[in-house]
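Please read the structure below before turning to the comments.
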Amino acid sequence: TVPGELKWAASPSEGGWEEVSIMDEKNIPIRTYQVCNVLQPNQNNWLRTDWIPRSGAQRVYVEVKFTLRDCNSLPGVTGTCKETFNLYYHESNEDRENFIKESSFIKVDTVAADESFTQVDVGDRIMKLNTEVRDVKVTNRKGFYLAFQDVGACIALVSVRVFYKTCPLTIRNLATFPDTVTGADTSSLVEVRGSCVDQSEEREEPKMYCGADGEWLVPIGGCLCNAGYEEKGTCSAGFYKSGSSDAGCSKCPPHSYSLREGATVCDCHSGYFRADSDPPSMACSQPPSAPQQLISVVNETSVLLEWSPPRWLGGRSDLSYSLENRSTSQPDAQHVASGSQLCQPCSSDVLFSPDQTGLRGTRVVVSELRAHTHYTFIVQARNGVSQGGSAGAAQTVSVSVTTNQAAPSRVSSVQATDVTRHTLSLSWQQPDQPNGVILEYEVKFYEKRERSYRIMRTFSRNAEITGLNPLTVYVFHVRARTAAGYGEFSTPFEFATNSGTQISTVACFAGSHPFPLIGEGVNSAFLLLSVSGVGILLLISAAVLIISRRYARAHKRTRHTSRRTFTFENFTIIITGVKIYVDPFTYEDPDQAIHEFAKEIDVSCIHIERVIGMGEFGEVCSGRLRLHGKREVYVAIKSLKAGYSDKQRRDFLSEASIMGQFDHPNIIRLEGVVTRCKPLMIVTEYMENGSLDAFLRKHDGQFTVIQLVGMLRGIASGMKYLSDMSYVHRDLAARNILVNSNLVCKVSDFGLSRVLEDDPEAAYTTRIPIRWTAPEAIAYRKFTTASDVWSYGIVMWEVISYGERPYWDMNNQDVIKAIEEGYRLPAPMDCPVVLHQLMLDCWERDRAERPTFSQILNMLDKLIRNPGTLPCPEVCVSVLPEVCVSKWSLCEWLQSIGLERYTETLAAGGYSSLDNLLALTHQ
Ligand code: AMP
C-alpha cells in the first residue's frame, strides 16, 4: 500500500528482484517484487526489507502473500527452475542502508507454494495467491531485517505483513490487566499483576498469565467493591453496603434510611437507635418500656422484689434489669434512745441477690438493709440502646418500703485471754450491725468432744469462764440480743485450757462478772453436778472404789469420763457400773493411756513366723505368744515401722488403747503391746481366715444363707457391744471384719476415729469411706451409732453378695448423689427379702428411723432360730429342697419372697402346694 516505490535493497541490483506495480483485484495499484530467472542456472537473488523496529516484541510473525509459477508450465525450462524461495532474518540495533551481507542472515524457512499456477494473466484475475506465515524469536537487538532469497523460481511477492501478538487490556475479577506483549517462546507464559478498579480493594493479589497466542490464562485473586459500592456502581438511596464484599447493596433495615448514594450504613429514624455492637444489618430499636407490677415483701431487714417484664421490649432481645435504692433515714426509736449517731450505710453494704445490675430474671432479694428504715427501690428495664446513667421514668418502676426490726448480726473476733488451768477470759467485738440496743451477750461453750454445753450471759463484751478442765479443748460461740431477739451465734472459736502455768495473752479488762447459767438440753442432774461438782466427784470415786478391785480400771476411766462430760447419763453409768469407752486422746500422756488399757508384753515371749498383711503403720505378721504360766497361742503382730514421728507413735498405740478397753467374743482381742523396745508392737489374737471381704470373695457361693446370717449376727453382736460402750466405729466395713477358723467374725480396725478430727466445721474429708458412710456423716460429720448402723447395712450387702464392691464401679460423687436422690443398693442375688428389708431399714435417711444394733441382733437371732422364715436361696434356681417343702405352704413361701400376688394365679393353674410346684416346668 506504499504510495510510490518501496526501494527495498536487492542483490544483484539488476536482473534479480524487481519492484513492479500491478493492480489488485479491486483495481487499486499495489507494489510487488518479482523475479523469474527460470532459464538461468545458479540463481541467488536477495531482496531485503527496510529495518523493522522490534517495539518490545519478542516473537514476530511474518505473513507473506505471493504467487509462484509451475515449472512444468514454463516452456523450454530445464532443471534450473525452482518452486520455492527462502526467508531469512538478521537482528540489528540500527538501520544500515543497503546492507546485504548474506552470511549475517539466519534462515527462517524455505517457503513453498500451496498453489502454483500455469499462466499469468492478471487481467483475467486467475492468479493464485499463496499466504504463508512464519514466526521467529527476536529478542537481542532493537530491530531486524527480513530477506527473501530466490534460487531460480518464477515468483511475485504481493504482500509482506510483520506483526507481533499481545494479550489485550482486560478486566477480570474487578482488576485491570494491561495490554501485554506475549513471551519469546511459543510455550512461554508472561505473569501479569492486575490492579484493582476504582472503588475496590484487593481481596487477594489479582494475577493472570498471558499466553504465547495472546490469550489470557488462569486468573487468580481479585478485588472487592468498597463499602457503598457494588459491581453495578454506587449503592442507590435507600440501600447501603457496610463493608467491602462480593455482595450487592442491601435495602436499609427496618426503622432506618439512606438519603444519599453510596451509603455505608443507614441512619435510624428519629426515636430509634442502634447500639455500638449492633450490626448495620440490624433493625433500629428502642429502649424497653418500664417493668410492670413491681411487688415487695419485707422480711425484717431484707426485701424481696418481684416484677413482670415490660410490655414493649423495644424490638430487641437483650433485656436486663438494674436496681437502684434510695434510703430515707428514719431515726429508729432505739438509736434515739441510746443517743447513738445515725450513720448512712454505704450502699455497698446492701446485698442484692443474685445481683444489682445486668439481671436477666425478675426477682431480687435485697438484704443487709438497716432496720426501721424507709427505702425506695427503682427497677429499670434496660437493653442495648438504653442510655447510660439514670434512666428516665419511662423505663423504671419504683416501690417504697420500710424495713422491720431485726436481730443483731453475728459477733466476730472472739478472743481468749488469761487462760489458766480452770479458767479462761473471753472478749469479742460488737456485731457490725447491732440493729438496736444490745441488751446482753450469750456465751455458749462445751468440750470439743461433748454434746452438753453451758451458757453464760453478760452485759459486757467479755466473760470470765470458770470451772473448766485442764488441758481440754473448748468450743465457744457468742451471740448478741436486742429487743428484736437473738442474733446468730458467732462461728465456733476453740481454746484449750492449760496445764497449770499461765500461757496466754496479756490483755486485762474490767467488766461485769458474768453469771453462769444452765443451757437448754441439760437436765436438772447437770445443775446438781455443776453446783456441787467436787462433792459428787468424791462420791463417785468412793462408790466405784467400793464396788470391787475388778472395777479399779473402770473406776479410772469412768472418773475420767465423768470429769470430761458432766452429763447426767454418765452419772447413771457410774452407778450401774456399765463401762464407757474412754478416748485415749484425752490423756495428756499417751503412754499413760496405753499402760492403763494394754498389757506390756516382754518381746522374748513373741515368736514371729510370717508376714500376713500390710497395715497403715507397717507389716502385720502372724506368730506365737507364750506368756508365763499360760499355753502358747497364735497371734497377729502389728509393728510400727522405723522412723516414725511422735504423732505416728501416738496414733499407732491409740488403736491398742481403744482395743484394750473391749472384751467381747466379736471384737478382736488385744493380747498386749511392746512399747519398751523397738519396733513397737501390738499383739492381737490371730484370725486364720483374715479379712471378711477377701474371705468371701475366695469362697463365692459356698455358704448357706444361715451361715452368712450367722456371720452377720456375730458382727451385729460386736457392734451392739461397742454401741453400749458409746464407741462409734466410723469405719465398719467387711474389710475391717476378721474371720477365724470357726467362721467367727470379729470387728477390728479401730483406727479411723483417730484420723478424723471431730470438728463439725471441717471441710469434707477424703478419708471418709464414702460407700459405707451414712449421708449425715458425709455431709456434716455426724458420726453416731446410727451412722454405724448404716455401715452395718452395707456390710450385710457385702456379705450376702460375697464381697461385691458396694455400688460397683460408680464413683464416690455419684454414690453421694444417688443416695441423696433416694437410691439404695438392690437385693444381692438370692438374697432373702427379709434380709434386704433389714438393709433398707439400716439405710433410712432419718437416722432416728434406723434400727438399733440391739434390734438388729434380735431380728437375726430370730431368723437363725427359725430358719423356715428364710427362703432357701435354692428356690431361685427352681429346685425346692425338702426342708422347704415339708415346712411351708405355697402361700407362705410366696409371701416370704414377696410374690403372694401370684397365689391365685398359681392356684388357678392347679398349683396349690410346694410339692406340685416342684413339677413346674419351663413350658
Ligand atoms: P489392718 O492394719 O488392721 O487393716 O491389717 C492389715 C491386714 O493384716 C488385714 O487386712 C488382715 O489381712 C491382716 N490382719 C490384721 N490383723 C489380723 C489378725 N488379728 N489376724 C489375721 N490377720 C490380720
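Following the order of the C-alpha cells, chains are lettered A, B, ..., residues in each are numbered from 1, and ligands are numbered from 1.
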
Shell around region 427-443 of chain A at 6 Å using only C-alpha atoms, local window under 6 positions removed, as a PyMOL selection string: chain A and resi 334+371+408-415+455-459+461-462+477-482

What's around Ser791 (chain A) at 10 Å? Count only C-alpha atoms, leave out sequence neighbours fewer than 6 positions away in its own chain, and write the answer as a list in words.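 Once the nearby chain positions are removed, what remains is His729, Arg730, Asp731, Leu732, Ala733, Ala734, Pro769, Ile770, Arg771, Trp772, Thr773, Ala774, Thr785, Trp797, Met839, Cys842 and Trp843 of chain A.
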
Site check for ligand 1: residues at most 6 Å away, only C-alpha atoms and all ligand atoms, as a VMD selection string: chain A and resid 612 to 616 620 636 684 to 688 690 to 691 749

Expected file contents, prior selection, C-alpha atoms, as a short mmCIF file (atom, residue, chain, number, x, y, z; two decimals), in the first residue's frame:
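Contents of the output file again10.cif:
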data_model
loop_
_atom_site.label_atom_id
_atom_site.label_comp_id
_atom_site.auth_asym_id
_atom_site.auth_seq_id
_atom_site.Cartn_x
_atom_site.Cartn_y
_atom_site.Cartn_z
CA ILE A 612 0.33 -61.81 106.57
CA GLY A 613 -0.59 -58.28 105.54
CA MET A 614 0.23 -54.59 105.40
CA GLY A 615 -1.27 -52.19 107.90
CA GLU A 616 -1.26 -48.41 107.90
CA VAL A 620 1.28 -57.36 110.03
CA ALA A 636 -1.14 -61.38 114.87
CA THR A 684 -3.83 -59.44 118.98
CA GLU A 685 -5.50 -62.81 118.66
CA TYR A 686 -4.85 -64.48 115.31
CA MET A 687 -7.74 -64.73 112.84
CA GLU A 688 -6.91 -67.57 110.49
CA GLY A 690 -8.08 -62.90 107.51
CA SER A 691 -10.41 -60.10 106.49
CA ASP A 749 -9.58 -51.70 112.96
#

I'd like the contact shell of Leu863 (chain A) - 12 Å cut-off, only C-alpha atoms, skipping same-chain residues fewer than 5 positions apart - returned as a PyMOL selection string. chain A and resi 705-710+712-713+832+834-835+838+856-858+868-871

Write down as a PyMOL selection string the residues of region 390-516 of chain A whose backbone DSSP state falls under strand (DSSP E). chain A and resi 396-402+415-417+424-427+440-447+454-458+462-465+473-482+485-486+493-496+515-516

Name all residues at most 12 Å from Arg96 (chain A) (count only C-alpha atoms; drop same-chain ones fewer than 2 positions away) and give them as a PDB file with C-alpha atoms, in the first residue's frame.
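Contents of selection-v5.pdb, freshly written:
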ATOM      1  CA  ALA A   9      17.586  -3.403  -1.157  1.00  0.00           C
ATOM      2  CA  ARG A  48      15.903  -7.271   1.889  1.00  0.00           C
ATOM      3  CA  THR A  49      13.216  -5.269   3.697  1.00  0.00           C
ATOM      4  CA  ASP A  50      13.859  -1.975   5.443  1.00  0.00           C
ATOM      5  CA  TRP A  51      14.944  -2.116   9.111  1.00  0.00           C
ATOM      6  CA  ILE A  52      11.958  -3.008  11.273  1.00  0.00           C
ATOM      7  CA  HIS A  90      19.001 -10.516  10.744  1.00  0.00           C
ATOM      8  CA  GLU A  91      18.829  -8.675  14.084  1.00  0.00           C
ATOM      9  CA  SER A  92      20.378  -5.241  14.252  1.00  0.00           C
ATOM     10  CA  ASN A  93      20.325  -2.213  16.515  1.00  0.00           C
ATOM     11  CA  GLU A  94      20.469   0.275  13.681  1.00  0.00           C
ATOM     12  CA  ASN A  98      21.694  -1.012   1.521  1.00  0.00           C
ATOM     13  CA  PHE A  99      23.287  -3.565   3.745  1.00  0.00           C
ATOM     14  CA  ILE A 100      23.013  -7.139   2.446  1.00  0.00           C
ATOM     15  CA  LYS A 101      25.557  -9.486   3.855  1.00  0.00           C
ATOM     16  CA  GLY A 143      15.156  -4.267  15.364  1.00  0.00           C
ATOM     17  CA  PHE A 144      15.715  -6.616  12.461  1.00  0.00           C
ATOM     18  CA  TYR A 145      15.675  -7.062   8.687  1.00  0.00           C
TER      19      TYR A 145
END

Long-range neighbours of Val350 (chain A) as a PyMOL selection string, 8 Å cut-off, only C-alpha atoms, 5 positions minimum in chain: chain A and resi 366-369

Tell me, in Å to one decimal, how far CA of Asn44 (chain A) is from CA of Phe148 (chain A). 10.1 Å
